[in-house]
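Source file structure_9.cif; content: mmCIF, C-alpha atoms.
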data_target
loop_
_atom_site.label_atom_id
_atom_site.label_comp_id
_atom_site.auth_asym_id
_atom_site.auth_seq_id
_atom_site.Cartn_x
_atom_site.Cartn_y
_atom_site.Cartn_z
CA MET A 364 -15.04 72.18 21.25
CA ALA A 365 -17.07 75.29 21.73
CA ASN A 366 -18.81 75.01 18.43
CA THR A 367 -19.87 71.40 18.57
CA MET A 368 -22.58 69.49 20.31
CA HIS A 369 -22.92 65.85 21.21
CA LEU A 370 -25.37 63.91 19.08
CA ASP A 371 -26.85 60.50 19.89
CA ILE A 372 -29.11 58.75 17.47
CA VAL A 373 -30.58 55.76 19.26
CA SER A 374 -33.36 53.38 18.36
CA ALA A 375 -34.87 50.68 20.54
CA GLU A 376 -32.83 48.09 18.69
CA GLU A 377 -29.44 49.75 18.42
CA SER A 378 -27.39 52.87 18.75
CA VAL A 379 -27.12 54.35 15.27
CA PHE A 380 -24.72 57.22 15.77
CA THR A 381 -22.90 58.91 18.57
CA GLY A 382 -20.35 61.70 18.36
CA GLU A 383 -19.64 65.43 18.13
CA VAL A 384 -21.34 67.38 15.39
CA ALA A 385 -21.39 71.01 14.28
CA PHE A 386 -24.88 71.18 12.82
CA LEU A 387 -27.88 69.04 12.17
CA ALA A 388 -31.10 69.36 10.23
CA ALA A 389 -34.15 67.18 10.72
CA ARG A 390 -37.77 67.14 9.60
CA ALA A 391 -40.11 67.77 12.49
CA THR A 392 -43.88 67.56 12.18
CA GLU A 393 -44.07 71.36 12.07
CA GLY A 394 -41.38 71.70 9.45
CA GLU A 395 -37.66 71.49 8.81
CA LEU A 396 -35.55 72.17 11.85
CA GLY A 397 -31.89 73.25 11.87
CA VAL A 398 -29.95 72.92 15.08
CA MET A 399 -26.69 74.63 15.97
CA PRO A 400 -24.84 74.21 19.26
CA ARG A 401 -26.37 76.07 22.23
CA HIS A 402 -29.86 75.75 20.93
CA ALA A 403 -32.59 76.32 23.48
CA PRO A 404 -34.03 73.13 25.02
CA LEU A 405 -36.60 71.78 22.60
CA MET A 406 -38.62 68.63 22.13
CA ALA A 407 -40.09 67.77 18.76
CA GLN A 408 -41.77 64.92 16.98
CA LEU A 409 -39.99 63.86 13.83
CA LYS A 410 -41.49 62.91 10.51
CA PRO A 411 -40.03 60.06 8.50
CA GLY A 412 -37.14 61.47 6.57
CA GLU A 413 -33.46 62.07 6.59
CA VAL A 414 -31.39 63.70 9.27
CA ARG A 415 -28.52 65.73 7.86
CA VAL A 416 -25.50 66.03 10.10
CA ARG A 417 -22.44 68.24 9.57
CA MET A 418 -19.32 67.02 11.32
CA PRO A 419 -16.83 69.46 12.89
CA ASP A 420 -14.49 68.91 9.92
CA GLY A 421 -17.17 69.91 7.42
CA ASP A 422 -18.16 66.41 6.26
CA GLU A 423 -21.83 65.78 5.86
CA GLN A 424 -23.59 62.57 6.84
CA TYR A 425 -27.14 61.47 6.27
CA PHE A 426 -29.24 59.19 8.40
CA TYR A 427 -32.70 57.99 7.60
CA VAL A 428 -35.13 57.89 10.47
CA SER A 429 -38.67 56.60 10.19
CA GLY A 430 -40.00 59.06 12.68
CA GLY A 431 -39.28 59.51 16.33
CA MET A 432 -38.41 62.21 18.81
CA LEU A 433 -35.84 64.95 18.83
CA GLU A 434 -34.60 66.22 22.15
CA ILE A 435 -32.35 69.24 22.24
CA GLN A 436 -30.33 70.58 25.10
CA PRO A 437 -27.64 73.22 24.62
CA HIS A 438 -24.80 70.77 24.12
CA VAL A 439 -26.53 67.44 23.81
CA VAL A 440 -28.93 66.41 21.10
CA THR A 441 -30.69 63.07 21.17
CA ILE A 442 -32.76 61.53 18.44
CA LEU A 443 -34.99 58.72 19.67
CA ALA A 444 -35.59 57.05 16.35
CA ASP A 445 -38.46 54.70 15.62
CA THR A 446 -37.40 51.36 14.28
CA ALA A 447 -40.11 51.12 11.71
CA LEU A 448 -42.60 53.24 9.90
CA ARG A 449 -45.38 54.01 12.29
CA ALA A 450 -48.80 54.90 11.17
CA LYS A 451 -52.05 54.55 13.04
CA ASP A 452 -53.67 52.19 10.58
CA ILE A 453 -50.58 50.00 10.28
CA ASP A 454 -50.42 49.67 14.05
CA GLU A 455 -54.10 48.93 14.11
CA ALA A 456 -53.69 46.19 11.51
CA GLU A 457 -50.84 44.68 13.51
CA ALA A 458 -52.97 44.65 16.63
CA GLN A 459 -55.82 42.94 14.77
CA GLU A 460 -53.37 40.37 13.47
CA ALA A 461 -52.08 39.63 16.97
CA LYS A 462 -55.64 39.16 18.19
CA ARG A 463 -56.49 36.91 15.30
CA ARG A 464 -53.48 34.69 15.99
CA ALA A 465 -54.53 34.37 19.61
CA GLU A 466 -58.08 33.44 18.64
CA GLU A 467 -56.79 30.84 16.23
CA THR A 468 -54.70 29.29 18.97
CA MET A 469 -57.70 29.25 21.28
CA ARG A 470 -59.87 27.66 18.62
CA SER A 471 -57.39 24.94 17.74
CA ARG A 472 -57.51 23.95 21.39
CA SER A 473 -60.63 21.87 20.94
CA ALA A 474 -58.94 19.94 18.15
CA GLU A 475 -56.01 19.18 20.38
CA VAL A 476 -58.22 18.12 23.23
CA ASP A 477 -59.99 15.68 20.90
CA TYR A 478 -56.65 14.35 19.81
CA ALA A 479 -55.52 13.90 23.41
CA ARG A 480 -58.76 12.09 24.27
CA ALA A 481 -58.36 9.79 21.28
CA GLN A 482 -54.85 9.06 22.39
CA THR A 483 -55.84 8.08 25.93
CA GLU A 484 -58.64 5.91 24.61
CA LEU A 485 -56.20 4.23 22.28
CA ALA A 486 -53.78 3.63 25.15
CA ALA A 487 -56.58 2.11 27.26
CA ALA A 488 -57.64 -0.16 24.42
CA ALA A 489 -54.06 -1.26 23.84
CA ALA A 490 -53.67 -2.08 27.54
CA GLN A 491 -56.85 -4.17 27.53
CA LEU A 492 -55.65 -6.02 24.48
CA ARG A 493 -52.32 -6.76 26.13
CA THR A 494 -54.03 -8.14 29.22
CA LEU A 495 -56.21 -10.36 27.07
CA GLN A 496 -53.23 -11.71 25.22
CA ASN A 497 -51.38 -12.40 28.47
CA LEU A 498 -54.40 -14.26 29.84
CA ARG A 499 -54.70 -16.31 26.69
CA ARG A 500 -51.03 -17.22 26.75
CA LYS A 501 -51.29 -18.35 30.38
CA ARG A 502 -54.28 -20.45 29.67
CA GLY A 503 -52.55 -21.96 26.65
CA SER A 504 -49.41 -22.96 28.53
CA MET B 1484 -18.89 -12.58 21.56
CA SER B 1485 -22.48 -12.04 22.61
CA GLY B 1486 -23.47 -8.47 23.18
CA ALA B 1487 -20.18 -6.94 22.04
CA LYS B 1488 -21.59 -5.86 18.71
CA GLU B 1489 -24.73 -4.44 20.32
CA ILE B 1490 -22.64 -2.48 22.78
CA ARG B 1491 -20.55 -1.12 19.93
CA THR B 1492 -23.68 0.08 18.12
CA LYS B 1493 -24.90 1.66 21.33
CA ILE B 1494 -21.60 3.49 21.81
CA LYS B 1495 -21.78 4.72 18.23
CA SER B 1496 -25.28 6.09 18.74
CA VAL B 1497 -24.35 7.87 21.97
CA GLN B 1498 -21.36 9.37 20.19
CA ASN B 1499 -23.62 10.69 17.46
CA THR B 1500 -25.92 12.26 20.03
CA GLN B 1501 -22.92 13.81 21.72
CA LYS B 1502 -21.82 15.34 18.44
CA ILE B 1503 -25.21 17.00 18.07
CA THR B 1504 -25.35 18.28 21.63
CA SER B 1505 -21.84 19.71 21.53
CA ALA B 1506 -22.59 21.39 18.19
CA MET B 1507 -25.76 22.88 19.70
CA GLU B 1508 -23.74 24.04 22.68
CA MET B 1509 -21.32 25.92 20.48
CA VAL B 1510 -24.09 27.46 18.37
CA ALA B 1511 -25.90 28.58 21.52
CA ALA B 1512 -22.70 30.09 22.89
CA SER B 1513 -22.16 32.27 19.85
CA LYS B 1514 -25.83 33.22 19.64
CA MET B 1515 -25.79 34.13 23.29
CA ARG B 1516 -22.95 36.55 22.71
CA ALA B 1517 -24.88 38.19 19.89
CA ALA B 1518 -28.01 38.39 22.04
CA GLN B 1519 -26.06 39.95 24.88
CA ALA B 1520 -24.71 42.59 22.53
CA ARG B 1521 -28.26 43.33 21.41
CA MET B 1522 -29.31 43.63 25.01
CA GLN B 1523 -26.64 46.25 25.59
CA ALA B 1524 -27.53 48.05 22.37
CA SER B 1525 -31.17 48.54 23.30
CA ARG B 1526 -30.45 49.93 26.76
CA PRO B 1527 -29.55 53.55 25.91
CA TYR B 1528 -32.91 54.12 24.22
CA ALA B 1529 -34.97 53.10 27.24
CA GLN B 1530 -32.61 54.97 29.53
CA LYS B 1531 -32.87 58.12 27.45
CA ILE B 1532 -36.65 58.01 27.29
CA ARG B 1533 -36.77 57.46 31.02
CA ASN B 1534 -34.67 60.58 31.58
CA VAL B 1535 -36.81 62.67 29.30
CA VAL B 1536 -40.06 61.40 30.75
CA SER B 1537 -38.98 62.02 34.31
CA HIS B 1538 -38.01 65.52 33.32
CA LEU B 1539 -41.33 66.07 31.60
CA ALA B 1540 -43.19 64.78 34.60
CA HIS B 1541 -41.43 67.38 36.72
CA ALA B 1542 -41.92 70.22 34.29
CA GLN B 1543 -45.60 69.41 33.71
CA PRO B 1544 -46.85 68.15 37.06
CA GLU B 1545 -50.48 68.90 36.25
CA TYR B 1546 -50.58 66.65 33.22
CA ARG B 1547 -51.65 63.06 33.92
CA HIS B 1548 -51.22 60.54 31.17
CA PRO B 1549 -53.75 57.68 31.03
CA PHE B 1550 -50.86 55.24 31.42
CA MET B 1551 -50.20 56.64 34.88
CA ALA B 1552 -53.74 56.14 36.13
CA GLN B 1553 -53.88 54.04 39.30
CA ARG B 1554 -57.15 52.15 39.45
CA GLU B 1555 -58.57 49.46 41.63
CA VAL B 1556 -57.40 46.23 40.06
CA LYS B 1557 -60.29 44.26 38.60
CA ARG B 1558 -58.69 42.88 35.49
CA VAL B 1559 -55.01 42.18 34.91
CA GLY B 1560 -53.13 41.65 31.68
CA PHE B 1561 -50.10 39.40 31.59
CA ILE B 1562 -47.52 39.68 28.83
CA VAL B 1563 -45.70 36.36 28.96
CA VAL B 1564 -42.37 36.24 27.17
CA THR B 1565 -41.04 32.75 26.44
CA SER B 1566 -38.77 31.07 23.95
CA ASP B 1567 -39.99 29.65 20.67
CA ARG B 1568 -38.06 26.43 20.96
CA GLY B 1569 -37.32 23.92 23.67
CA LEU B 1570 -34.09 22.14 24.57
CA CYS B 1571 -33.12 24.97 26.85
CA GLY B 1572 -33.23 23.28 30.24
CA GLY B 1573 -35.82 24.43 32.73
CA LEU B 1574 -36.01 27.98 31.42
CA ASN B 1575 -39.66 28.05 30.36
CA ALA B 1576 -40.78 25.64 33.06
CA ASN B 1577 -39.29 27.90 35.72
CA LEU B 1578 -41.06 30.86 34.21
CA PHE B 1579 -44.41 29.07 34.27
CA ARG B 1580 -43.78 27.98 37.84
CA ARG B 1581 -43.33 31.63 38.69
CA LEU B 1582 -46.39 32.65 36.69
CA ILE B 1583 -48.90 30.14 38.05
CA PRO B 1584 -48.97 31.44 41.67
CA GLU B 1585 -49.56 34.93 40.25
CA LEU B 1586 -52.49 33.69 38.22
CA ARG B 1587 -53.85 31.81 41.21
CA LYS B 1588 -53.58 34.91 43.34
CA CYS B 1589 -55.66 36.78 40.78
CA GLU B 1590 -58.20 34.00 40.80
CA GLN B 1591 -58.52 34.14 44.59
CA ARG B 1592 -59.09 37.85 44.57
CA ASP B 1593 -61.69 37.47 41.81
CA VAL B 1594 -59.53 39.39 39.40
CA GLU B 1595 -59.97 38.50 35.77
CA VAL B 1596 -56.96 37.81 33.62
CA ASP B 1597 -56.09 38.56 30.02
CA LEU B 1598 -53.03 36.92 28.56
CA CYS B 1599 -50.69 37.93 25.81
CA ALA B 1600 -48.10 35.41 24.67
CA ILE B 1601 -44.81 36.29 23.06
CA GLY B 1602 -43.06 33.11 21.99
CA ASN B 1603 -44.33 29.72 20.98
CA LYS B 1604 -43.84 27.87 24.27
CA GLY B 1605 -45.87 30.42 26.16
CA ALA B 1606 -48.66 30.34 23.60
CA GLN B 1607 -48.92 26.55 23.90
CA PHE B 1608 -48.78 26.63 27.67
CA LEU B 1609 -51.39 29.34 28.08
CA ARG B 1610 -53.67 27.53 25.70
CA ARG B 1611 -53.43 24.39 27.79
CA LEU B 1612 -54.16 26.53 30.81
CA ARG B 1613 -57.37 27.65 29.09
CA GLY B 1614 -56.56 31.23 29.88
CA ASN B 1615 -58.08 34.10 28.02
CA LEU B 1616 -55.45 34.63 25.35
CA VAL B 1617 -56.05 37.99 23.69
CA ALA B 1618 -52.91 38.39 21.61
CA GLN B 1619 -49.92 36.39 20.60
CA VAL B 1620 -46.82 36.63 18.49
CA THR B 1621 -44.52 33.68 17.85
CA HIS B 1622 -41.49 32.75 15.76
CA LEU B 1623 -39.56 35.92 16.34
CA GLY B 1624 -36.25 34.23 15.59
CA ASP B 1625 -32.95 35.22 17.08
CA THR B 1626 -33.11 38.85 16.05
CA PRO B 1627 -36.51 40.12 17.11
CA HIS B 1628 -37.73 43.33 15.54
CA MET B 1629 -39.74 45.95 17.28
CA ALA B 1630 -42.19 45.93 14.38
CA ASP B 1631 -43.14 42.30 15.09
CA LEU B 1632 -44.01 43.05 18.69
CA LEU B 1633 -45.98 46.23 18.20
CA GLY B 1634 -49.29 44.55 17.41
CA SER B 1635 -49.53 42.50 20.56
CA ILE B 1636 -48.27 45.34 22.73
CA LYS B 1637 -50.85 47.65 21.25
CA VAL B 1638 -53.65 45.26 22.17
CA MET B 1639 -52.62 45.52 25.81
CA LEU B 1640 -51.99 49.27 25.73
CA ASP B 1641 -55.35 49.95 24.13
CA ALA B 1642 -57.10 47.79 26.70
CA PHE B 1643 -55.40 49.70 29.50
CA ARG B 1644 -56.20 53.04 27.95
CA ALA B 1645 -59.85 52.05 27.60
CA ALA B 1646 -59.81 51.04 31.29
CA GLU B 1647 -60.56 47.41 30.38
CA LEU B 1648 -57.33 46.44 32.09
CA ASP B 1649 -56.25 47.99 35.37
CA GLN B 1650 -52.77 46.56 35.47
CA VAL B 1651 -50.37 45.08 32.95
CA LEU B 1652 -47.63 42.73 34.09
CA LEU B 1653 -44.65 41.54 32.15
CA VAL B 1654 -43.29 38.04 32.76
CA TYR B 1655 -39.89 37.13 31.36
CA ASN B 1656 -36.54 35.60 32.18
CA GLU B 1657 -33.97 38.08 33.36
CA PHE B 1658 -30.46 37.37 32.17
CA VAL B 1659 -28.32 37.52 35.31
CA ASN B 1660 -25.34 35.68 33.90
CA THR B 1661 -24.63 32.60 31.84
CA MET B 1662 -25.45 30.24 34.69
CA THR B 1663 -28.42 32.07 36.19
CA GLN B 1664 -31.66 33.25 34.65
CA GLU B 1665 -34.31 34.66 36.95
CA PRO B 1666 -38.00 34.56 36.06
CA GLN B 1667 -39.33 38.08 36.65
CA VAL B 1668 -42.78 39.55 37.05
CA GLU B 1669 -42.75 43.29 36.49
CA THR B 1670 -45.44 45.91 36.44
CA VAL B 1671 -45.52 47.73 33.12
CA LEU B 1672 -48.73 49.69 33.56
CA PRO B 1673 -49.69 51.81 35.34
CA LEU B 1674 -46.32 53.44 34.95
CA PRO B 1675 -44.56 53.87 38.26
CA ALA B 1676 -43.77 57.46 39.18
CA MET B 1677 -40.54 58.28 37.43
CA ASP B 1678 -38.61 59.88 40.20
CA ASP B 1679 -34.97 60.39 39.57
CA PRO B 1680 -33.19 61.52 42.73
CA VAL B 1681 -30.49 63.29 40.72
CA LEU B 1682 -33.06 65.26 38.76
CA ASP B 1683 -34.93 66.15 41.91
CA GLU B 1684 -31.92 67.91 43.34
CA GLN B 1685 -31.34 70.00 40.27
CA ARG B 1686 -34.67 71.80 40.56
CA TYR B 1687 -35.77 72.61 37.07
CA SER B 1688 -36.08 76.23 36.28
CA TRP B 1689 -36.34 75.61 32.56
CA ASP B 1690 -38.63 73.70 30.27
CA TYR B 1691 -38.50 72.47 26.72
CA ILE B 1692 -40.01 74.21 23.77
CA TYR B 1693 -42.51 71.65 22.53
CA GLU B 1694 -43.33 70.90 18.98
CA PRO B 1695 -46.21 70.48 18.35
CA ASP B 1696 -47.34 70.41 22.01
CA ALA B 1697 -46.37 68.95 25.36
CA ALA B 1698 -49.22 66.50 25.82
CA LEU B 1699 -48.75 64.98 22.36
CA VAL B 1700 -45.03 64.63 22.87
CA LEU B 1701 -45.51 63.01 26.26
CA ASP B 1702 -48.11 60.62 24.85
CA GLN B 1703 -45.79 59.40 22.17
CA LEU B 1704 -42.84 59.13 24.51
CA LEU B 1705 -44.71 57.04 27.05
CA GLU B 1706 -45.98 54.70 24.39
CA ARG B 1707 -42.47 54.25 23.03
CA TYR B 1708 -41.21 53.75 26.53
CA VAL B 1709 -43.57 50.88 27.25
CA GLU B 1710 -42.73 49.31 23.91
CA SER B 1711 -39.04 49.53 24.60
CA VAL B 1712 -39.53 47.93 28.02
CA VAL B 1713 -41.26 44.97 26.40
CA TYR B 1714 -38.67 44.81 23.65
CA GLN B 1715 -35.91 44.80 26.24
CA ALA B 1716 -37.62 41.90 28.00
CA VAL B 1717 -37.84 39.95 24.76
CA VAL B 1718 -34.19 40.50 23.95
CA GLU B 1719 -33.19 39.58 27.47
CA ASN B 1720 -35.31 36.45 27.28
CA ILE B 1721 -33.53 35.41 24.10
CA ALA B 1722 -30.15 35.85 25.74
CA SER B 1723 -31.44 33.77 28.66
CA GLU B 1724 -32.71 31.12 26.27
CA GLN B 1725 -29.36 30.77 24.55
CA ALA B 1726 -27.48 30.71 27.85
CA ALA B 1727 -29.81 28.07 29.27
CA ARG B 1728 -29.51 26.02 26.11
CA MET B 1729 -25.74 26.28 26.20
CA VAL B 1730 -25.61 25.02 29.78
CA ALA B 1731 -28.16 22.25 29.12
CA MET B 1732 -26.27 21.07 26.05
CA LYS B 1733 -22.97 21.17 27.89
CA SER B 1734 -24.26 18.90 30.63
CA ALA B 1735 -25.82 16.64 27.98
CA SER B 1736 -22.44 16.35 26.27
CA ASP B 1737 -20.75 15.60 29.60
CA ASN B 1738 -23.36 12.96 30.42
CA ALA B 1739 -22.85 11.39 27.01
CA GLU B 1740 -19.13 11.25 27.75
CA ASN B 1741 -19.84 9.35 30.99
CA VAL B 1742 -22.21 6.96 29.29
CA ILE B 1743 -19.65 6.25 26.58
CA GLU B 1744 -16.98 5.59 29.21
CA ASP B 1745 -19.19 3.09 31.04
CA LEU B 1746 -20.23 1.37 27.85
CA GLN B 1747 -16.62 1.16 26.71
CA LEU B 1748 -15.77 -0.64 29.96
CA VAL B 1749 -18.59 -3.12 29.48
CA TYR B 1750 -17.55 -3.62 25.88
CA ASN B 1751 -13.92 -4.28 26.81
CA LYS B 1752 -14.97 -6.83 29.41
CA ALA B 1753 -17.21 -8.59 26.95
CA ARG B 1754 -14.41 -8.68 24.40
CA GLN B 1755 -11.93 -9.98 26.94
CA ALA B 1756 -14.34 -12.69 28.04
CA ALA B 1757 -14.89 -13.73 24.44
CA ILE B 1758 -11.14 -14.01 23.83
CA THR B 1759 -10.63 -16.01 27.01
CA THR B 1760 -13.37 -18.42 26.09
CA GLU B 1761 -11.92 -18.87 22.64
CA LEU B 1762 -8.44 -19.51 24.01
CA ASN B 1763 -9.87 -22.00 26.48
CA GLU B 1764 -11.57 -23.83 23.66
CA ILE B 1765 -8.43 -23.95 21.57
CA VAL B 1766 -6.25 -25.14 24.48
CA SER B 1767 -8.71 -27.77 25.59
CA GLY B 1768 -9.14 -28.84 21.98
CA ALA B 1769 -5.36 -29.22 21.62
CA ALA B 1770 -5.16 -31.12 24.89
CA ALA B 1771 -7.82 -33.54 23.69
CA VAL B 1772 -5.76 -34.29 20.59
#

Structure encoded using structure tokens:
Amino acid sequence: MANTMHLDIVSAEESVFTGEVAFLAARATEGELGVMPRHAPLMAQLKPGEVRVRMPDGDEQYFYVSGGMLEIQPHVVTILADTALRAKDIDEAEAQEAKRRAEETMRSRSAEVDYARAQTELAAAAAQLRTLQNLRRKRGS
Amino acid sequence: MSGAKEIRTKIKSVQNTQKITSAMEMVAASKMRAAQARMQASRPYAQKIRNVVSHLAHAQPEYRHPFMAQREVKRVGFIVVTSDRGLCGGLNANLFRRLIPELRKCEQRDVEVDLCAIGNKGAQFLRRLRGNLVAQVTHLGDTPHMADLLGSIKVMLDAFRAAELDQVLLVYNEFVNTMTQEPQVETVLPLPAMDDPVLDEQRYSWDYIYEPDAALVLDQLLERYVESVVYQAVVENIASEQAARMVAMKSASDNAENVIEDLQLVYNKARQAAITTELNEIVSGAAAV
């Protein structure tokens, strides 16, 4: 037990990995980072890339993370993984898209209002017609 | 024999409806289970970030992130999470009923409102309300992805950061259990002080080594935190939607059962009456001969 640490890889959508590991290597923004148990507390931003994990029995596992955060405490390591590739311009484009959709919805409002007005007018006309027919029938009989 | 055939057709049609509603009930039940699992799965991330942020806030008391800025509220942003589809009982209607007094309160205090709709029903409703819709995302499906939400969240975050919004509220249905879903209005921004009583007692004598630097790390963490809060709300709303649909469809199936029973009774009576009349005719015919 002494020579292992607990690793959690979690993303906002799911928990990717949890368990004891002997070693892990990840790509931080400042460069590759290797972590052994009893590492000093550290907090780093991760670049998109793979996280290499060595299990206590010597097996190696690879996880791909598209960026995120690495938090290290002596016996607990947590990777807060991003769920998707994050880049400033992609985010910006997404935001523009969301705005555009909203504007479109707002604009189509007038069309719907016209439609609703047409519908009420139609209903009124139909009602008048019905009354006329009823009157005519009464007069006829 | 009058009416018997019509009643039979009616029974048939109610039975068909019942088939659909009970199928929808079962589908909703299984989807709800999946949605609940997703709800559980996304919890550790938010929890973890919360821990880290509260630690950071203690270790770096002098640093104030823009998301923590308390300002006089002049303009509020609402993120309204609703379902994409109907047939889920009063779920969305209850949410709107909860939302409207909030909006009215803002109106009375002369506070302007920006709206962000997640989900089709909300987008339609807010449009009818003639609110100022600044962002929307619809048709997320049953498995929403963070990537789909980011755009609309960013619109709100940017507005808050630029001090265009002074408060951001999140409106969604909390999944209490299968029978109960509570409409909730939560404050997302400014971030409430993250005080963890357990952490307070421990008295930090250590701090992280930051890479590349504390402020940057905190910035990113807080942004992710807000995103995960919204994501959590969306996932929870989907679980609520499926639960509400399941219950609504169950009562629809039960009602159909009752209607069929009543119609069957009427049909049997009509049939019996027809047979009696026929017998009467035969007997009286025979007596005449």

Please list as a PDB file with C-alpha atoms, in the frame of the given file every residue within 7 Å of segment 367-384 of chain A, counting only C-alpha atoms and excluding residues in the same chain fewer than 2 positions away.
ATOM      1  CA  MET A 364     -15.040  72.180  21.250  1.00  0.00           C
ATOM      2  CA  ALA A 365     -17.070  75.290  21.730  1.00  0.00           C
ATOM      3  CA  PHE A 386     -24.880  71.180  12.820  1.00  0.00           C
ATOM      4  CA  PRO A 400     -24.840  74.210  19.260  1.00  0.00           C
ATOM      5  CA  VAL A 416     -25.500  66.030  10.100  1.00  0.00           C
ATOM      6  CA  ARG A 417     -22.440  68.240   9.570  1.00  0.00           C
ATOM      7  CA  MET A 418     -19.320  67.020  11.320  1.00  0.00           C
ATOM      8  CA  PRO A 419     -16.830  69.460  12.890  1.00  0.00           C
ATOM      9  CA  HIS A 438     -24.800  70.770  24.120  1.00  0.00           C
ATOM     10  CA  VAL A 439     -26.530  67.440  23.810  1.00  0.00           C
ATOM     11  CA  VAL A 440     -28.930  66.410  21.100  1.00  0.00           C
ATOM     12  CA  THR A 441     -30.690  63.070  21.170  1.00  0.00           C
ATOM     13  CA  ILE A 442     -32.760  61.530  18.440  1.00  0.00           C
ATOM     14  CA  LEU A 443     -34.990  58.720  19.670  1.00  0.00           C
ATOM     15  CA  ALA A 444     -35.590  57.050  16.350  1.00  0.00           C
ATOM     16  CA  ASP A 445     -38.460  54.700  15.620  1.00  0.00           C
ATOM     17  CA  THR A 446     -37.400  51.360  14.280  1.00  0.00           C
TER      18      THR A 446
ATOM     19  CA  ALA B1524     -27.530  48.050  22.370  1.00  0.00           C
ATOM     20  CA  SER B1525     -31.170  48.540  23.300  1.00  0.00           C
ATOM     21  CA  TYR B1528     -32.910  54.120  24.220  1.00  0.00           C
ATOM     22  CA  SER B1711     -39.040  49.530  24.600  1.00  0.00           C
TER      23      SER B1711
END

I need the output of the PyMOL selection byres ((chain B) within 8 of (chain A)) for this file as a PDB file with C-alpha atoms, in the coordinates of the input; which residues are they?
ATOM      1  CA  ARG B1521     -28.260  43.330  21.410  1.00  0.00           C
ATOM      2  CA  ALA B1524     -27.530  48.050  22.370  1.00  0.00           C
ATOM      3  CA  SER B1525     -31.170  48.540  23.300  1.00  0.00           C
ATOM      4  CA  ARG B1526     -30.450  49.930  26.760  1.00  0.00           C
ATOM      5  CA  PRO B1527     -29.550  53.550  25.910  1.00  0.00           C
ATOM      6  CA  TYR B1528     -32.910  54.120  24.220  1.00  0.00           C
ATOM      7  CA  ALA B1529     -34.970  53.100  27.240  1.00  0.00           C
ATOM      8  CA  ILE B1532     -36.650  58.010  27.290  1.00  0.00           C
ATOM      9  CA  ALA B1606     -48.660  30.340  23.600  1.00  0.00           C
ATOM     10  CA  ARG B1610     -53.670  27.530  25.700  1.00  0.00           C
ATOM     11  CA  ARG B1611     -53.430  24.390  27.790  1.00  0.00           C
ATOM     12  CA  ARG B1613     -57.370  27.650  29.090  1.00  0.00           C
ATOM     13  CA  LEU B1616     -55.450  34.630  25.350  1.00  0.00           C
ATOM     14  CA  VAL B1617     -56.050  37.990  23.690  1.00  0.00           C
ATOM     15  CA  ALA B1618     -52.910  38.390  21.610  1.00  0.00           C
ATOM     16  CA  GLN B1619     -49.920  36.390  20.600  1.00  0.00           C
ATOM     17  CA  VAL B1620     -46.820  36.630  18.490  1.00  0.00           C
ATOM     18  CA  HIS B1628     -37.730  43.330  15.540  1.00  0.00           C
ATOM     19  CA  MET B1629     -39.740  45.950  17.280  1.00  0.00           C
ATOM     20  CA  ALA B1630     -42.190  45.930  14.380  1.00  0.00           C
ATOM     21  CA  LEU B1633     -45.980  46.230  18.200  1.00  0.00           C
ATOM     22  CA  GLY B1634     -49.290  44.550  17.410  1.00  0.00           C
ATOM     23  CA  SER B1635     -49.530  42.500  20.560  1.00  0.00           C
ATOM     24  CA  ILE B1636     -48.270  45.340  22.730  1.00  0.00           C
ATOM     25  CA  LYS B1637     -50.850  47.650  21.250  1.00  0.00           C
ATOM     26  CA  VAL B1638     -53.650  45.260  22.170  1.00  0.00           C
ATOM     27  CA  ASP B1690     -38.630  73.700  30.270  1.00  0.00           C
ATOM     28  CA  TYR B1691     -38.500  72.470  26.720  1.00  0.00           C
ATOM     29  CA  ILE B1692     -40.010  74.210  23.770  1.00  0.00           C
ATOM     30  CA  TYR B1693     -42.510  71.650  22.530  1.00  0.00           C
ATOM     31  CA  GLU B1694     -43.330  70.900  18.980  1.00  0.00           C
ATOM     32  CA  PRO B1695     -46.210  70.480  18.350  1.00  0.00           C
ATOM     33  CA  VAL B1700     -45.030  64.630  22.870  1.00  0.00           C
ATOM     34  CA  LEU B1704     -42.840  59.130  24.510  1.00  0.00           C
ATOM     35  CA  SER B1711     -39.040  49.530  24.600  1.00  0.00           C
ATOM     36  CA  TYR B1714     -38.670  44.810  23.650  1.00  0.00           C
TER      37      TYR B1714
END

Residue nearest Leu1672 of chain B - candidates B:Ala1757, B:Ala1517, B:Ile1562, B:Cys1589, atoms counted: all atoms listed in the file: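 Closest candidate: B:Ile1562.
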
Spatial neighbours of Tyr1750 of chain B, max dist 10 Å, only C-alpha atoms, sep filter under 6 positions, as a PyMOL selection string: chain B and resi 1486-1491+1494+1744+1756

Shell of 6 Å around segment 411-413 of chain A, only C-alpha atoms, local chain residues under 5 positions omitted, as a ChimeraX atom specification: /A:426-430

Box dimensions and centre (Å, one decimal) enclosing segment 484-502 of chain A, axis-aligned, 3 Å extra per side, as AutoDock Vina command-line options:
--center_x -54.8 --center_y -7.3 --center_z 26.3 --size_x 13.6 --size_y 32.4 --size_z 14.1

Residue members of the PyMOL selection byres ((chain B and resi 1670) around 8) in the file shown, as a count of residues only: 10

Close residues, Val1563 of chain B itself excluded, 9 Å, all atoms listed in the file, min 6 positions apart in chain, as a list in words: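 The filter keeps Leu1578, Leu1582, Leu1598, Cys1599, Ala1600, Ile1601, Gly1602, Gly1605, Ala1606, Leu1652, Leu1653, Val1654 and Tyr1655 of chain B.
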
Selected residue, from B:Asn1720, B:Ser1736, B:Gly1768, B:Arg1516, that lies nearest to Gln1664 of chain B when counting all atoms listed in the file: B:Asn1720
